[in-house]
Amino acid sequence: MSTGTSGYGDLKVFSGRNSKHLAQRVCDHLNIPLGGARTSLFPDGEVITKLDDDVRGRDCFVILSTCEPVNDNLMELLVFCDCLRRASAARITLVMPYFGYGRQDRKDEGRVPITAKLVANLITAARADRVLAIDLHAAQIQGFFDLPVDHLSATPVFFNYFQQMREDLGDLCLVSPDVGNVKVAESMANLLDADLAIINKRRLSGTEVDVGNLIGNVAGKRVLMFDDMISTAGTVCEAARLVMDEGAIDVIAAATHGVLAGKAVPRLVESPISRVVITDTIPVGERCEPLKDKLKVLSVGELLGEAIRRIHDNTSISALFRSTAGVKR
Ligand code: R5P
């Protein structure tokens, strides 16, 4: 592997404990070994990381999703960053395939925190140099950082998958189950030459939603529902019932981040959704076993690997998206 033109020395890619599988895919793409590091817990639960490799003067990337358990993973990421800084890494990029706390991005009522901003502050205090993320819940989270944030879209990964089966999908309608994700659903509808419909959702609580109105026509069509994440699955399952009531013949749910919290897995199993397509930004694990007949997990490993190569080589990441679908924001 070249040392690149970035001037930050040789490339090193490390992984936090929950992202080993994805990090290995990234390293396979880059044709480098995964960096050696061990993270463990003291008996009282404090986390410690020990590097096995020399990182002095190196261009270091740490891959770790701040998914459940969110606070433990966030702390592990901060500790890893501090460890690299104190070991004299030349540059540290935190690769957060899933950025936890992304939904707390504004004060939507009085007396609540903006925790996404707090996370950005913590990352800055840990002295990271850059952040690389995929499908942040709100693009403006980039602006919470005063450091460069490369924000990738997983759209090319989904496009490659659905494009291959486009003929079999027949009369297709892209549905955004949440108005916040309409742009992504629209761009996918254009790419797949499909119709577009939107659901006007109202969140009742952290686990319950009310999907009131469908704007568009799904009768006699296969529905492909697109969202940034499936958390409790309340949104997609309610939306799936609505579109089936409106005459859809089948529903596929696709989302970048399979958060799958709480009762999400049994909800999806019981729902009219025939297939759930997510990516490996969050490790799937045994919790998804009951869903395995419906589940397809796509990998963002190559996408991340290529972005890391370009950051290291000081070449454009936007160009990565020019020849294919999606955007880099
Ligand atoms: C909402 O703003 C997001 O785009 C998702 O629709 C939402 O976070 C999914 O949450 P849940 O699966 O818990 O309904």
# chains A, B, ... in the order shown; residues from 1 in each chain; ligands from 1
>>> residues_near_ligand(ligand="ligand 1", cutoff="7 Å", atoms="only C-alpha atoms and all ligand atoms", output="JSON list (two decimals) with C-alpha atoms, in the first residue's frame")
[["chain", "number", "residue", "atom", "x", "y", "z"],
["A", 137, "HIS", "CA", -29.65, 10.90, 10.20],
["A", 177, "PRO", "CA", -42.04, 6.21, 5.04],
["A", 178, "ASP", "CA", -40.77, 9.45, 6.51],
["A", 180, "GLY", "CA", -37.18, 13.40, 6.09],
["A", 181, "ASN", "CA", -35.93, 10.78, 3.64],
["A", 206, "GLY", "CA", -40.05, 6.46, 20.85],
["A", 207, "THR", "CA", -41.69, 3.18, 19.82],
["A", 209, "VAL", "CA", -45.85, 6.00, 15.11],
["A", 227, "ASP", "CA", -35.36, 4.94, 4.98],
["A", 228, "ASP", "CA", -32.06, 5.79, 6.64],
["A", 229, "MET", "CA", -32.63, 3.39, 9.53],
["A", 230, "ILE", "CA", -34.92, 0.77, 10.97],
["A", 231, "SER", "CA", -34.86, 1.26, 14.72],
["A", 232, "THR", "CA", -37.92, -0.17, 16.53],
["A", 233, "ALA", "CA", -39.39, -0.93, 13.06],
["A", 234, "GLY", "CA", -42.58, 0.91, 14.03],
["A", 235, "THR", "CA", -42.23, 3.19, 11.00],
["A", 236, "VAL", "CA", -41.68, 0.54, 8.31]]
>>> residues_around(residues="Pro97 (chain A)", least_positions_apart="6", cutoff="9 Å", atoms="only C-alpha atoms", output="compact mmCIF listing (two decimals) with C-alpha atoms, in the first residue's frame")
# COMPACT_ATOMS: atom_id res chain seq x y z
CA ILE A 63 -13.74 1.92 12.41
CA LEU A 64 -16.42 1.71 15.09
CA SER A 65 -20.17 2.18 14.91
CA THR A 66 -21.72 3.88 17.91
CA LEU A 132 -16.05 9.59 8.00
CA ALA A 133 -19.72 8.60 8.27
CA ILE A 134 -22.45 6.99 6.22
CA ASP A 135 -26.02 8.28 5.95
CA LEU A 136 -26.09 10.54 8.97
CA HIS A 257 -28.72 1.14 9.32
CA ASP A 280 -23.46 -3.98 7.70
CA THR A 281 -22.90 -0.49 9.19
CA ILE A 282 -24.23 -2.17 12.35
CA VAL A 300 -20.52 -1.06 2.72
CA LEU A 304 -15.70 2.67 2.98
>>> select_by_dssp(residues="region 73-108 of chain A", states="strand (DSSP E)", output="list in words")
Arg91, Ile92, Thr93, Leu94, Val95 and Met96 of chain A
>>> residues_around(residues="region 36-38 of chain A", least_positions_apart="4", cutoff="9 Å", atoms="only C-alpha atoms", output="list in words")
Val13, Phe14, Ser15, Gly16, Arg17, Ile48, Thr49, Lys50, Leu51, Asp52 and Asp53 of chain A
>>> residues_around(residues="Val131 (chain A)", least_positions_apart="6", cutoff="8 Å", atoms="only C-alpha atoms", output="list in words")
Thr93, Leu94, Val95, Met96, Leu147, Pro148, Val149 and Asp150 of chain A
>>> closest_residue(among="A:Val112, A:Leu303, A:Leu172, A:Ala261", to="Ala248 (chain A)", atoms="only C-alpha atoms")
A:Leu172
